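The block underneath contains the structure these notes are about, expressed in structure tokens.
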Amino acid sequence: MIHDSKVPEYQTLATSAGRAYVNAIRGPTARTPSFRGCAVRDFAFMAKKPGCRSLRINTEACWGRCHTWERPVPEPPYIQRHHRVCTYSRTRHLTARLPGCRPGVSPIYHYPQALQCDCIYCSSNHTECETF
């Protein structure tokens with residue numbers, strides 16, 4: 001199933017897999033540390049669920065750096081912000097079957113696959129937005 005929405009149902013992969021060990025792998029896109037922008041790249045992580053053995057999943061996720069800035073202004077709230085994050089703009093929702101699950105534990109594990117990534121305003125509805 002392809003989900004074409006500007007507000008993804010899933011959090012970004014690193015966040016939605018927060019209960020899983022996450023290990024990014026270099027892919028054919030967005031290879032260099034000097035890359036500026038937002039792109040889809042190969043990504044692997046260990047899917048874990050209580051009562052099941054873990055499973056390494058290879059997928060695609062969003063990766064990159066987006067233009068952001070802040071500047072002081074004389075009126076409240078005294079700061080103007082422009083924060084964009086690299087996140088999913090199109091996803092495909094996939095499932096995997098985890099091995100060795102105990103009786104009564106569903107082996108089904110859901111995760112998103114990035115189809116397209118963009119620099120967009122950080123929304124806590126689908127992304128873990130950190131402020132400093």
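Labels used: A, B, ... for chains in the order of the structure tokens, numbers from 1 for residues in each chain, and numbers from 1 for ligands as shown.
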Problem - strand (DSSP E or B) call set, DSSP backbone run, stretch 34-113 of chain A, as a VMD selection string - result: chain A and resid 37 to 47 55 to 65 69 to 72 79 to 82 84 to 97 108 to 113
Handout entry: Selection: 7 Å around A:Cys62, only C-alpha atoms, excl. self and same-chain fewer than 6 positions, as number ranges by chain
Key = A: 38-41, 86-88, 114, 117
Can those selected residues be exported to a file as a PDB file, in the first residue's frame so that it contains N, CA, C and O atoms?
ATOM      1  N   CYS A  38      17.780  16.575   1.100  1.00  0.00           N
ATOM      2  CA  CYS A  38      17.007  15.500   1.711  1.00  0.00           C
ATOM      3  C   CYS A  38      16.822  14.412   0.659  1.00  0.00           C
ATOM      4  O   CYS A  38      16.399  14.693  -0.457  1.00  0.00           O
ATOM      5  N   ALA A  39      17.157  13.180   1.008  1.00  0.00           N
ATOM      6  CA  ALA A  39      17.115  12.105   0.023  1.00  0.00           C
ATOM      7  C   ALA A  39      16.737  10.776   0.668  1.00  0.00           C
ATOM      8  O   ALA A  39      16.839  10.601   1.877  1.00  0.00           O
ATOM      9  N   VAL A  40      16.320   9.842  -0.180  1.00  0.00           N
ATOM     10  CA  VAL A  40      16.067   8.465   0.237  1.00  0.00           C
ATOM     11  C   VAL A  40      17.403   7.739   0.216  1.00  0.00           C
ATOM     12  O   VAL A  40      18.203   7.914  -0.698  1.00  0.00           O
ATOM     13  N   ARG A  41      17.650   6.921   1.252  1.00  0.00           N
ATOM     14  CA  ARG A  41      18.874   6.118   1.254  1.00  0.00           C
ATOM     15  C   ARG A  41      18.603   4.765   1.888  1.00  0.00           C
ATOM     16  O   ARG A  41      17.631   4.592   2.623  1.00  0.00           O
ATOM     17  N   CYS A  86      14.270  16.810   7.394  1.00  0.00           N
ATOM     18  CA  CYS A  86      14.199  15.831   6.312  1.00  0.00           C
ATOM     19  C   CYS A  86      13.317  14.682   6.795  1.00  0.00           C
ATOM     20  O   CYS A  86      13.662  13.981   7.740  1.00  0.00           O
ATOM     21  N   THR A  87      12.171  14.510   6.154  1.00  0.00           N
ATOM     22  CA  THR A  87      11.250  13.466   6.582  1.00  0.00           C
ATOM     23  C   THR A  87      10.458  12.936   5.384  1.00  0.00           C
ATOM     24  O   THR A  87      10.543  13.460   4.279  1.00  0.00           O
ATOM     25  N   TYR A  88       9.690  11.903   5.636  1.00  0.00           N
ATOM     26  CA  TYR A  88       8.903  11.252   4.592  1.00  0.00           C
ATOM     27  C   TYR A  88       7.853  12.191   3.996  1.00  0.00           C
ATOM     28  O   TYR A  88       7.153  12.871   4.727  1.00  0.00           O
ATOM     29  N   ALA A 114      10.549   4.541   2.808  1.00  0.00           N
ATOM     30  CA  ALA A 114      10.511   5.854   2.161  1.00  0.00           C
ATOM     31  C   ALA A 114      10.456   5.702   0.648  1.00  0.00           C
ATOM     32  O   ALA A 114      11.229   4.950   0.075  1.00  0.00           O
ATOM     33  N   CYS A 117      11.353  11.828   0.007  1.00  0.00           N
ATOM     34  CA  CYS A 117      11.659  12.603   1.205  1.00  0.00           C
ATOM     35  C   CYS A 117      11.750  14.081   0.831  1.00  0.00           C
ATOM     36  O   CYS A 117      12.186  14.418  -0.264  1.00  0.00           O
TER      37      CYS A 117
END
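Every protein, DNA or RNA residue with an atom at most 10 Å from stretch 66-69 of chain A, where only C-alpha atoms count and chain neighbours fewer than 2 positions away do not, is listed here: Arg36, Gly37, Cys38, Trp63, Gly64, Arg71, Gln80, Arg81, His82, His83, Arg84, Val85, Cys86, Thr87, Asp118, Cys119, Ile120 and Tyr121 of chain A.
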Practice task
Could you tell me how far atom CA of A:Arg90 lies from atom CA of A:Leu115, in Å and to one decimal?
Solution key: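 Computing it gives 5.2 Å between the two atoms.
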Exercise for the section: May I have the residues within 8 Å of A:Ile108 as a PyMOL selection string, using only C-alpha atoms and disregarding those fewer than 5 positions away in the same chain? Expected result: chain A and resi 95-98
Exercise for the section: Using only C-alpha atoms, determine which residues lie at most 10 Å from A:Gly100, disregarding the query and same-chain residues fewer than 4 positions distant; provide the list as a ChimeraX atom specification. Expected result: /A:51-54,105,107
Completion exercise
If you count only C-alpha atoms, the residue of A:Phe35, A:Pro50, A:Glu75, A:Ala44 closest to A:Gly104 turns out to be A:Pro50
Exercise for the section: Rounded to one decimal place, report the atom CA of A:Pro72-atom CA of A:Ser123 distance in Å. Expected result: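 Taking atom CA of A:Pro72 as the start and atom CA of A:Ser123 as the end point, the length is 22.3 Å.
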Handout entry: Nearest to A:Ala61 by atom-to-atom distance, counting only C-alpha atoms, from A:Met46, A:Ile79, A:Gln113, A:Arg102
Key =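 Selected residue with least distance to A:Ala61: A:Gln113.
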